[in-house]
Each structure stands twice: as structure tokens, then as C-alpha cells.
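This is final_0.cif (mmCIF, C-alpha atoms and all ligand atoms).
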```
data_work
#
loop_
_atom_site.label_atom_id
_atom_site.label_comp_id
_atom_site.auth_asym_id
_atom_site.auth_seq_id
_atom_site.Cartn_x
_atom_site.Cartn_y
_atom_site.Cartn_z
CA MET A 24 20.91 -3.45 6.01
CA ALA A 25 18.31 -3.53 8.78
CA GLY A 26 19.65 -2.02 11.99
CA GLN A 27 22.06 0.25 10.13
CA ASP A 28 21.82 3.66 8.60
CA GLY A 29 24.91 3.86 6.43
CA ASP A 30 27.91 3.62 8.76
CA ILE A 31 26.00 4.15 11.98
CA THR A 32 23.38 2.14 13.82
CA LEU A 33 19.74 3.16 13.73
CA PHE A 34 19.98 4.02 17.43
CA GLU A 35 22.81 6.44 16.73
CA ALA A 36 20.90 7.86 13.76
CA VAL A 37 17.75 8.66 15.76
CA GLU A 38 19.86 10.20 18.52
CA LEU A 39 21.74 12.41 16.04
CA GLU A 40 18.44 13.44 14.51
CA ARG A 41 17.02 14.33 17.92
CA GLN A 42 19.95 16.67 18.52
CA ARG A 43 19.85 18.32 15.07
CA THR A 44 19.12 22.07 15.26
CA SER A 45 19.59 23.18 11.65
CA TYR A 46 18.58 22.00 8.16
CA PRO A 47 20.60 18.87 7.27
CA SER A 48 23.73 19.80 5.33
CA ASP A 49 23.51 16.70 3.12
CA LEU A 50 19.94 17.33 1.91
CA PRO A 51 19.24 19.71 -1.00
CA ALA A 52 16.73 22.49 -0.35
CA LEU A 53 13.34 21.06 -1.29
CA PRO A 54 11.60 23.12 -3.98
CA ASP A 55 7.92 24.00 -3.78
CA LEU A 56 5.68 21.25 -5.12
CA PRO A 57 2.96 22.11 -7.69
CA SER A 58 -0.47 21.54 -6.14
CA ALA A 59 -2.04 20.91 -9.57
CA ARG A 60 -0.55 17.40 -9.35
CA TYR A 61 -3.31 16.77 -6.82
CA PHE A 62 -6.30 17.47 -9.08
CA ASP A 63 -5.31 17.90 -12.73
CA PRO A 64 -7.25 15.29 -14.78
CA ASP A 65 -4.51 14.86 -17.39
CA PHE A 66 -1.89 14.27 -14.73
CA HIS A 67 -4.24 11.80 -13.07
CA LYS A 68 -4.51 9.88 -16.36
CA LEU A 69 -0.72 9.76 -16.62
CA GLU A 70 -0.46 8.41 -13.07
CA MET A 71 -3.06 5.76 -13.79
CA GLU A 72 -1.37 4.60 -16.97
CA HIS A 73 2.31 4.79 -16.03
CA VAL A 74 2.32 4.36 -12.27
CA PHE A 75 -0.71 2.27 -11.26
CA GLY A 76 -0.83 0.51 -14.62
CA LYS A 77 2.79 -0.67 -14.43
CA THR A 78 3.75 -1.03 -10.77
CA TRP A 79 3.34 -3.96 -8.39
CA LEU A 80 0.22 -3.28 -6.31
CA TYR A 81 -0.83 -5.03 -3.12
CA ALA A 82 -3.96 -7.09 -3.78
CA ALA A 83 -4.39 -9.63 -0.96
CA HIS A 84 -2.67 -11.57 1.82
CA VAL A 85 -2.26 -15.34 1.91
CA SER A 86 -4.20 -15.48 5.20
CA GLU A 87 -7.24 -14.32 3.25
CA LEU A 88 -6.89 -17.39 1.00
CA PRO A 89 -6.59 -20.13 3.61
CA ASP A 90 -7.87 -23.12 1.58
CA LYS A 91 -7.72 -24.55 -1.89
CA GLY A 92 -10.45 -22.72 -3.77
CA SER A 93 -10.38 -19.63 -1.54
CA TYR A 94 -10.63 -16.41 -3.46
CA LYS A 95 -10.75 -12.69 -2.82
CA LEU A 96 -11.80 -9.93 -5.16
CA PHE A 97 -9.48 -6.97 -5.64
CA GLU A 98 -11.61 -4.09 -6.82
CA GLN A 99 -9.96 -0.70 -7.07
CA MET A 100 -9.45 1.84 -9.86
CA GLY A 101 -12.12 0.19 -12.02
CA LEU A 102 -10.32 -3.15 -11.90
CA SER A 103 -12.01 -6.34 -10.85
CA VAL A 104 -9.46 -9.08 -10.25
CA ILE A 105 -10.01 -12.49 -8.67
CA VAL A 106 -7.07 -13.52 -6.51
CA SER A 107 -7.46 -17.22 -5.83
CA ARG A 108 -5.74 -20.26 -4.41
CA GLY A 109 -6.17 -23.03 -6.93
CA GLU A 110 -6.84 -26.70 -6.31
CA ASP A 111 -3.10 -27.13 -6.90
CA ASP A 112 -2.37 -24.64 -4.07
CA THR A 113 -0.99 -22.07 -6.54
CA ILE A 114 -2.09 -18.49 -6.08
CA ARG A 115 -3.17 -16.79 -9.29
CA ALA A 116 -4.93 -13.61 -10.34
CA PHE A 117 -7.55 -13.47 -13.07
CA ARG A 118 -9.60 -10.68 -14.54
CA ASN A 119 -13.13 -11.13 -13.26
CA VAL A 120 -14.38 -11.40 -16.81
CA CYS A 121 -16.14 -14.28 -18.51
CA ARG A 122 -14.68 -15.08 -21.93
CA HIS A 123 -18.17 -15.49 -23.43
CA ARG A 124 -19.62 -11.98 -23.25
CA GLY A 125 -17.84 -10.46 -20.31
CA ALA A 126 -19.99 -10.99 -17.23
CA ALA A 127 -18.30 -10.86 -13.82
CA LEU A 128 -17.80 -14.43 -12.64
CA VAL A 129 -17.60 -13.57 -8.98
CA THR A 130 -19.61 -10.94 -7.16
CA GLU A 131 -18.93 -11.78 -3.51
CA PRO A 132 -15.88 -9.94 -2.07
CA SER A 133 -14.42 -13.27 -0.94
CA GLY A 134 -15.39 -16.91 -0.79
CA LYS A 135 -14.55 -20.43 -1.79
CA ALA A 136 -15.23 -22.10 -5.11
CA ARG A 137 -13.99 -25.29 -6.75
CA ARG A 138 -14.97 -23.75 -10.08
CA PHE A 139 -15.95 -20.33 -11.27
CA VAL A 140 -19.32 -20.62 -12.96
CA CYS A 141 -20.54 -17.57 -14.83
CA PRO A 142 -23.91 -16.32 -13.52
CA TYR A 143 -24.99 -15.35 -17.06
CA HIS A 144 -24.89 -18.46 -19.29
CA ALA A 145 -23.03 -20.77 -16.91
CA TRP A 146 -19.67 -21.21 -18.58
CA GLY A 147 -17.52 -22.98 -16.01
CA TYR A 148 -13.79 -22.40 -15.35
CA ALA A 149 -11.39 -24.52 -13.30
CA SER A 150 -9.40 -22.90 -10.51
CA ASP A 151 -6.36 -22.70 -12.82
CA GLY A 152 -8.44 -20.61 -15.22
CA GLU A 153 -9.10 -23.28 -17.83
CA LEU A 154 -12.52 -23.14 -19.50
CA LYS A 155 -14.08 -26.51 -18.64
CA SER A 156 -17.74 -26.42 -19.54
CA VAL A 157 -19.94 -24.59 -22.01
CA PRO A 158 -23.66 -25.37 -21.95
CA GLU A 159 -25.00 -26.23 -25.42
CA ALA A 160 -21.52 -26.00 -26.85
CA HIS A 161 -22.78 -27.42 -30.17
CA ASN A 162 -24.41 -24.02 -30.87
CA PHE A 163 -21.01 -22.34 -31.24
CA ALA A 164 -19.55 -22.76 -34.72
CA CYS A 165 -15.90 -23.03 -33.80
CA LEU A 166 -15.37 -22.55 -30.10
CA ASP A 167 -12.13 -24.11 -28.85
CA LYS A 168 -12.28 -24.17 -25.05
CA ALA A 169 -8.50 -24.31 -24.83
CA GLU A 170 -8.35 -20.85 -26.40
CA LYS A 171 -10.66 -19.21 -23.88
CA PRO A 172 -9.13 -19.56 -20.43
CA LEU A 173 -9.62 -16.80 -17.87
CA LEU A 174 -7.38 -13.80 -18.48
CA GLN A 175 -4.48 -13.97 -16.07
CA VAL A 176 -2.90 -10.97 -14.40
CA ARG A 177 0.69 -11.17 -13.18
CA CYS A 178 0.66 -12.15 -9.56
CA GLU A 179 3.63 -12.70 -7.24
CA GLU A 180 4.02 -13.12 -3.50
CA TRP A 181 6.42 -11.66 -0.97
CA ARG A 182 6.34 -13.10 2.56
CA GLY A 183 2.58 -13.65 2.44
CA PHE A 184 1.69 -10.42 0.66
CA ILE A 185 0.22 -10.95 -2.80
CA PHE A 186 0.86 -8.31 -5.43
CA ILE A 187 -0.47 -7.93 -8.96
CA ASN A 188 0.95 -6.07 -11.92
CA GLN A 189 -0.82 -5.26 -15.18
CA ASP A 190 2.45 -4.76 -17.03
CA ASP A 191 3.88 -7.96 -18.48
CA ALA A 192 7.23 -6.17 -18.99
CA ALA A 193 7.62 -5.10 -15.34
CA GLU A 194 10.58 -6.36 -13.34
CA PRO A 195 9.88 -9.28 -10.94
CA LEU A 196 8.25 -8.33 -7.63
CA ALA A 197 11.35 -9.45 -5.71
CA ASP A 198 13.52 -6.95 -7.60
CA PHE A 199 11.03 -4.12 -7.15
CA LEU A 200 10.69 -4.77 -3.42
CA LYS A 201 14.32 -5.66 -2.67
CA PRO A 202 15.36 -2.32 -1.10
CA TYR A 203 12.22 -2.41 1.03
CA ALA A 204 12.38 -6.10 1.93
CA GLU A 205 15.96 -5.81 3.18
CA GLN A 206 14.86 -3.33 5.84
CA VAL A 207 12.22 -5.59 7.33
CA ALA A 208 13.99 -8.94 7.00
CA THR A 209 14.06 -9.53 10.77
CA PHE A 210 10.42 -8.63 11.39
CA PRO A 211 8.29 -11.78 11.83
CA LEU A 212 5.75 -11.05 9.10
CA GLU A 213 5.01 -14.75 8.54
CA GLU A 214 3.52 -15.05 12.03
CA MET A 215 0.93 -12.45 11.20
CA SER A 216 -2.35 -12.53 9.38
CA VAL A 217 -5.16 -10.22 8.38
CA LYS A 218 -7.41 -9.53 11.37
CA ARG A 219 -9.63 -6.71 10.13
CA VAL A 220 -10.03 -4.64 6.96
CA LEU A 221 -11.36 -1.07 7.10
CA ALA A 222 -12.06 0.99 3.99
CA THR A 223 -12.87 4.69 3.85
CA GLU A 224 -13.74 6.79 0.80
CA LEU A 225 -12.52 10.36 0.91
CA ASP A 226 -13.06 13.47 -1.19
CA CYS A 227 -9.46 14.14 -2.06
CA ASN A 228 -6.69 13.04 -4.38
CA TRP A 229 -5.00 9.80 -3.27
CA LYS A 230 -1.76 11.71 -2.65
CA THR A 231 -3.44 14.28 -0.41
CA ALA A 232 -4.25 11.41 1.96
CA TYR A 233 -1.02 9.49 1.38
CA ASP A 234 1.23 12.49 2.15
CA ASN A 235 -0.25 12.69 5.62
CA PHE A 236 1.29 9.34 6.53
CA LEU A 237 4.70 10.27 5.18
CA GLU A 238 5.62 12.81 7.82
CA ILE A 239 5.62 13.05 11.59
CA TYR A 240 5.41 16.85 11.64
CA HIS A 241 1.64 16.80 12.25
CA VAL A 242 1.69 14.27 15.07
CA GLY A 243 2.22 16.77 17.89
CA THR A 244 -0.85 18.76 16.88
CA VAL A 245 -3.23 16.27 15.27
CA HIS A 246 -2.48 13.28 17.52
CA ALA A 247 -1.49 15.14 20.68
CA ALA A 248 -3.31 12.73 22.97
CA THR A 249 -3.11 9.50 20.94
CA ILE A 250 0.25 8.97 19.22
CA ALA A 251 2.41 11.86 20.43
CA PRO A 252 2.91 10.47 23.94
CA PHE A 253 4.48 7.30 22.48
CA LEU A 254 6.77 8.74 19.83
CA ASP A 255 9.73 11.06 20.09
CA SER A 256 8.92 12.90 16.88
CA LYS A 257 12.16 14.89 16.88
CA SER A 258 14.05 11.63 16.39
CA PHE A 259 12.31 10.91 13.05
CA VAL A 260 14.92 9.68 10.57
CA VAL A 261 13.90 9.52 6.92
CA ARG A 262 15.83 7.18 4.68
CA PRO A 263 14.94 7.18 0.98
CA LEU A 264 15.16 3.73 -0.59
CA ALA A 265 15.55 2.86 -4.26
CA ASN A 266 12.44 2.42 -6.43
CA GLY A 267 10.53 5.14 -4.55
CA HIS A 268 10.28 3.26 -1.26
CA GLY A 269 11.46 4.60 2.08
CA ARG A 270 12.03 3.92 5.75
CA PHE A 271 11.23 6.08 8.75
CA THR A 272 12.65 5.28 12.18
CA THR A 273 11.55 6.97 15.35
CA SER A 274 12.40 6.38 19.01
CA LYS A 275 9.54 5.02 21.07
CA ARG A 276 9.14 7.18 24.12
CA GLY A 277 9.62 4.88 27.10
CA GLY A 278 10.67 2.14 24.69
CA THR A 279 7.30 0.44 24.49
CA SER A 280 4.59 -0.16 21.97
CA MET A 281 1.47 1.91 22.38
CA PHE A 282 -0.48 -1.35 22.38
CA LYS A 283 1.04 -2.82 25.52
CA THR A 284 1.43 -6.53 24.78
CA GLU A 285 4.14 -9.07 25.34
CA GLY A 286 4.30 -9.64 21.58
CA ASP A 287 7.89 -8.59 21.03
CA ALA A 288 9.69 -11.55 22.58
CA GLY A 289 12.37 -12.66 20.13
CA LEU A 290 12.10 -9.48 18.13
CA SER A 291 15.29 -7.78 16.97
CA GLU A 292 16.33 -4.70 18.94
CA GLU A 293 15.52 -2.11 16.28
CA PHE A 294 11.91 -3.22 16.14
CA LYS A 295 11.68 -3.25 19.94
CA ARG A 296 13.07 0.17 20.64
CA LEU A 297 12.15 2.03 17.48
CA THR A 298 9.06 2.47 15.40
CA VAL A 299 10.02 1.38 11.90
CA ALA A 300 7.60 2.71 9.32
CA MET A 301 7.80 1.73 5.69
CA PRO A 302 6.36 3.71 2.79
CA ARG A 303 6.11 1.49 -0.30
CA PHE A 304 5.91 2.92 -3.81
CA PRO A 305 3.51 3.95 -5.10
CA ASN A 306 0.71 3.84 -2.54
CA GLY A 307 1.59 1.75 0.53
CA PHE A 308 2.46 2.62 4.09
CA THR A 309 2.77 0.73 7.34
CA ALA A 310 4.38 1.23 10.74
CA LEU A 311 5.50 -2.23 11.83
CA ASP A 312 4.68 -3.26 15.37
CA PRO A 313 4.61 -6.82 16.72
CA ALA A 314 1.46 -5.98 18.68
CA GLY A 315 -0.32 -5.30 15.42
CA PHE A 316 0.04 -2.94 12.50
CA ASN A 317 -2.00 -1.17 9.88
CA TRP A 318 -0.97 -2.15 6.34
CA MET A 319 -2.39 0.84 4.49
CA ASN A 320 -2.99 1.31 0.79
CA PHE A 321 -4.17 4.52 -0.84
CA TRP A 322 -6.23 3.98 -3.99
CA PRO A 323 -7.14 6.63 -6.54
CA ALA A 324 -10.81 6.72 -7.49
CA GLY A 325 -10.59 9.79 -9.74
CA PRO A 326 -8.56 13.01 -9.56
CA ASP A 327 -10.35 14.14 -6.40
CA ARG A 328 -11.66 10.94 -4.88
CA MET A 329 -9.80 8.10 -3.17
CA ILE A 330 -10.18 5.07 -0.92
CA VAL A 331 -7.95 4.31 2.05
CA VAL A 332 -7.85 0.59 2.84
CA SER A 333 -6.48 -0.27 6.27
CA THR A 334 -5.61 -3.93 6.58
CA LEU A 335 -5.02 -4.58 10.27
CA MET A 336 -2.51 -7.37 10.77
CA GLY A 337 -0.93 -9.22 13.61
CA ARG A 338 -0.80 -12.44 15.58
CA THR A 339 -3.85 -14.48 16.52
CA LEU A 340 -4.38 -14.97 20.24
CA GLU A 341 -5.04 -18.55 21.29
CA ASP A 342 -8.27 -17.83 23.06
CA GLU A 343 -10.91 -16.99 20.45
CA GLU A 344 -12.81 -14.61 22.66
CA ALA A 345 -9.67 -12.77 23.74
CA ASP A 346 -8.57 -12.55 20.11
CA ARG A 347 -11.85 -10.97 19.06
CA ALA A 348 -11.77 -8.49 21.94
CA TYR A 349 -8.14 -7.59 21.26
CA TRP A 350 -8.65 -6.92 17.57
CA ASP A 351 -11.95 -5.10 18.10
CA GLN A 352 -10.14 -2.78 20.45
CA PHE A 353 -7.19 -2.46 18.07
CA ALA A 354 -9.57 -1.55 15.23
CA GLU A 355 -11.32 1.06 17.38
CA PHE A 356 -7.97 2.61 18.28
CA GLN A 357 -6.90 2.71 14.62
CA LYS A 358 -10.22 4.24 13.61
CA ALA A 359 -9.84 6.95 16.24
CA ILE A 360 -6.34 7.84 15.03
CA LEU A 361 -7.37 7.81 11.38
CA ALA A 362 -10.38 10.01 12.15
CA GLU A 363 -7.99 12.59 13.57
CA ASP A 364 -6.13 12.67 10.25
CA MET A 365 -8.95 12.26 7.78
CA GLY A 366 -10.94 15.28 8.86
CA LEU A 367 -8.27 17.52 7.39
CA PHE A 368 -7.87 16.25 3.85
CA ALA A 369 -10.94 17.84 2.24
CA SER A 370 -9.71 21.30 3.26
CA LEU A 371 -6.29 20.67 1.68
CA GLN A 372 -7.94 19.42 -1.49
CA ARG A 373 -10.20 22.46 -1.66
CA SER A 374 -7.22 24.82 -1.34
CA TYR A 375 -5.47 23.07 -4.21
CA GLU A 376 -8.50 22.87 -6.52
CA GLN A 377 -9.48 26.48 -5.95
CA ARG A 378 -5.93 27.45 -6.95
CA GLU A 379 -5.62 29.26 -3.66
CA LEU A 380 -2.51 27.30 -2.85
CA THR A 381 -0.50 26.66 -5.99
CA GLU A 382 2.61 25.27 -4.29
CA LEU A 383 3.13 23.04 -1.28
CA VAL A 384 6.09 23.78 0.98
CA LEU A 385 8.09 20.85 2.36
CA SER A 386 10.41 20.57 5.35
CA CYS A 387 13.24 18.06 5.53
CA GLN A 388 10.99 15.87 7.69
CA GLU A 389 8.55 15.80 4.77
CA GLN A 390 11.19 14.80 2.22
CA HIS A 391 9.56 11.47 1.37
CA ILE A 392 6.72 13.43 -0.27
CA GLN A 393 9.34 14.88 -2.62
CA TRP A 394 10.98 11.45 -3.06
CA TYR A 395 7.93 9.47 -4.17
CA ASN A 396 6.65 12.34 -6.32
CA GLU A 397 9.97 12.39 -8.17
CA HIS A 398 9.55 8.66 -8.72
CA ILE A 399 6.07 9.23 -10.11
CA ASP A 400 7.64 11.57 -12.67
CA LEU A 401 10.35 9.04 -13.46
CA ALA A 402 7.68 6.39 -14.04
CA ILE A 403 5.65 8.67 -16.30
CA GLY A 404 8.65 10.15 -18.09
CA PRO A 405 9.07 13.83 -17.15
CA ASP A 406 8.71 15.01 -20.76
CA ALA A 407 5.12 13.76 -20.87
CA ILE A 408 4.19 16.01 -17.94
CA ALA A 409 3.16 19.64 -18.44
CA PRO A 410 6.16 21.75 -17.32
CA GLU A 411 4.19 23.56 -14.60
CA LEU A 412 3.21 20.21 -13.05
CA ARG A 413 6.61 18.58 -13.24
CA MET A 414 8.71 17.98 -10.14
CA THR A 415 12.01 19.78 -9.83
CA ARG A 416 14.05 16.64 -9.27
CA VAL A 417 16.52 17.50 -6.56
CA LEU A 418 16.71 14.00 -5.05
CA THR A 419 16.77 11.85 -8.20
CA GLY A 420 18.15 14.51 -10.54
CA ASN A 421 21.13 12.52 -11.76
CA ARG A 422 19.14 9.44 -12.78
S1 LIG A 501 -21.12 -14.04 -20.21
FE1 LIG A 501 -20.44 -15.70 -19.05
S2 LIG A 501 -21.44 -17.40 -19.84
FE2 LIG A 501 -22.17 -15.72 -21.00
FE FE A 502 -1.57 11.21 11.37
#
```
Mind converting the file's structure to C-alpha cells?
Amino acid sequence: MAGQDGDITLFEAVELERQRTSYPSDLPALPDLPSARYFDPDFHKLEMEHVFGKTWLYAAHVSELPDKGSYKLFEQMGLSVIVSRGEDDTIRAFRNVCRHRGAALVTEPSGKARRFVCPYHAWGYASDGELKSVPEAHNFACLDKAEKPLLQVRCEEWRGFIFINQDDAAEPLADFLKPYAEQVATFPLEEMSVKRVLATELDCNWKTAYDNFLEIYHVGTVHAATIAPFLDSKSFVVRPLANGHGRFTTSKRGGTSMFKTEGDAGLSEEFKRLTVAMPRFPNGFTALDPAGFNWMNFWPAGPDRMIVVSTLMGRTLEDEEADRAYWDQFAEFQKAILAEDMGLFASLQRSYEQRELTELVLSCQEQHIQWYNEHIDLAIGPDAIAPELRMTRVLTGNR
């Protein structure tokens, strides 16, 4: 339930956490974590196949597909997927692959098209994927257009966020997200749209970057002047959620957003007084704030290469000029914070790859790193993982 942490309120939970002076009695000791998980090519292949190949992945937001015919390309991990709003207003995802000889139908990152016409030999597809036109069709011996629609990818929506899944056997998005969705039910996501998208390629494993956003331990040193003044990091409560998701709640120092707007009128108390941050399995993270938030996704691009995509979201101000200025400033602030973090990752990655650090050490405040890594192993099937790379499952051990 949002607003609750078991039997106590979130406000009581953060206060208890602030007063804690010893390791939590209800949390197992966290074992060292094998650093080879962050560069081993075989492990990377397993992650790609069993985690990224079978899990619901964020691909687009409805605000990026405002009209019938609007489309956006999702291109990560070698995939090229067209997410589009059809003439019938239905949102679908298609592989960006022409059924003739495989050319990409769409090359612009986003746009609007009544039909997808292949740039190679001009086969034309309707917005529902149906193959409509084939130039000089009489030259094909037995081409049945009905048998060559665009290849669909599973695509489902949750409160404006569009997810895709390459696994036809995967559970519905709503089931996968349920533990996560329950926690943010009172946050007005529907009032918010995509304002800016920032993407940064980094020389590290996707988890090296992701882990950084799953703990508050570094905030006092890395963000001493930017975030630390606004967050009471000692009050950081970590709540593991089913399916590898999680929730972090932290008291706002002074009870205000660091962005100083009036945007929280009508907001429920927990979102006013606390920072509620939500890691989403396998590769999502955001810290919800009515003044604007960074919906982050961490994409593998190889064992030691990754792309962080920051989708900046929030309300649109009525005055166009003021809106632009606000979001430009918001983006600059986000970039400055991210720059503080990102400078560190290459050194972590180097330590792992050079085998200088073979195990990572985790505190209780870093327990979500253990949690999602255990879920990676559950998704892969622990037996398929080399024993020295396997997690010691202390948090999911009985499942
Ligand atoms: S590859 Fe698309 S029409 Fe030939
Ligand atoms: Fe950080």
C-alpha cells in the first residue's frame, strides 16, 4: 500500500531509519558480490537472453505519440522497433523490418506517417501493420500480402508508459508491474509528459551505472552541494518489492522539492514530504517529484558499454516561453547531477575488468543491488550461471 511500510506509516519508517545505529536485525548479512558479473561476456549473453529478452522494457511514452500516425523508434541492444499510434488510435510495436528483404522502414527517430513505405522497393504497410501495396506485384510468383504483415512485438501500456516484451510467454505487463504500480497509485503520472530526452553512452557495464542510482550512500560525497542539502540520507528506507522492483523513501530536508515550484497542490502527503524513488526491474529508476522527474533507463550495449537514457517528465506550463525556460533549466540541473555520478563509473569498471577487485561489498543501504541481482539469477536460472559468478541468494533464497 502506498503510504505504508508494513504496519507503520512511511513517516514512521523514515524516522525509525534515521535513528538506527546498528545493522538491521531483520536483514541477512549481504555476501560479497562477484565483480565478474560486470564484464564476463558469457554472463552478458545470459542477461541479454533471459533478462532483456524476456522482461517488459520501457520503450516510449504516450505523449511522444500524440496523433494518429505518430511513431517513435526504440533502438537499444541491437533492436529496432517502431512504436506507433495507428489510424485506429491503437498503440502497437513492430520490428522495423520490411517483409520483402529486410530493409528498415523508418530511419527517423520519430515522426508521423499514415503508411510505412519501405525506402528500398517501396512496399507499403498500413499503420496496423498490414501489407497494402507491392509495386509490380505480378513479378512475384505466389506472394500473398495477407501473409506478410509487419512483425509485431508485444506492447502494453501502463498509465502512459509503453512497454515492449520480446517473449510471447511473458506474464501481462499489469501483473509484472503490480507491486510497483501499487506504490505510486496516488502520484499524478497522467498529468505529466515527456519534456526532454538525454542519452549518454558510457564505458561500463549497464549495472555499474545502474547500481549508482540504487543507493544514497554516495550522495553526501558525490552530490555534496547539489542533492545532499535537500535529502536526509540517513532516513533512506529500502523496501524490496516482488519481481525485482523496489521502493526507496527519504525525508526531504525542509520538506520541499529541490525544484521549488507550486506543483504539489493536491498531492498525497507521502509524495509531498518524502522523496519516493522507484527502481524497476531490470533497468529502470526514477525519483518521483511533481516538479519534474527523471525516468531513467540503463541499456546494455555490450559487456562493458552502456547507454543511460534520461527521459525528463513533468507538467507543461501554460506559457510556452516559461515552459521552455523551466525545462531547459531542469535539464541543465539534471545534467549537472548526472555528470557528478558518471565521472566515476569508468574507474569502477576498470577495477572489475583488471580483476583487481573481485568482490563488491554492500551495506544494508545498498541492499537493492543484491535484490535485483538475485532476480537476474532467478530469471536466468542459477544453474546456467558459472558458480563463481552466481549470487549467494540471501534475500530470495527460499523461492
Ligand atoms: S526490402 Fe522493403 S521493399 Fe524491398
Ligand atoms: Fe548520484
Contacts of ligand LIG 501 (chain A), 9 Å or closer, only C-alpha atoms and all ligand atoms, given as number ranges by chain | A: 120-128, 140-147, 157-158
Using all atoms listed in the file, find each protein or nucleic acid residue lying at most 7 Å from ligand FE 502 (chain A); present the set as a list of chain:residue names.
-> A:Asn235, A:Phe236, A:His241, A:Val242, A:Val245, A:His246, A:Ile360, A:Leu361, A:Glu363, A:Asp364
Near stretch 192-201 of chain A, within 12 Å and counting only C-alpha atoms, which residues show up once chain neighbours fewer than 5 positions away are dropped, as a ChimeraX atom specification?
-> /A:24,73-81,177-182,184-187,206-208,264-269,301-305,307,402
How many Å lie between atom CA of A:Thr298 and atom CA of A:Phe97, rounded to one decimal?
->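 Value for the atom CA of A:Thr298-atom CA of A:Phe97 distance: 29.6 Å.
Atom pair atom CA of A:Ala164 / atom CA of A:Val129: separated by 27.4 Å.
When atom CA of A:Asp112 is paired with atom CA of A:Gly183, their separation reads 13.7 Å.
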Return the single residue from A:Glu153, A:Glu72, A:Glu38, A:Glu131 that is closest to A:Phe117, with distances computed using all atoms listed in the file.
->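 Among the listed residues, A:Glu153 lies closest to A:Phe117.
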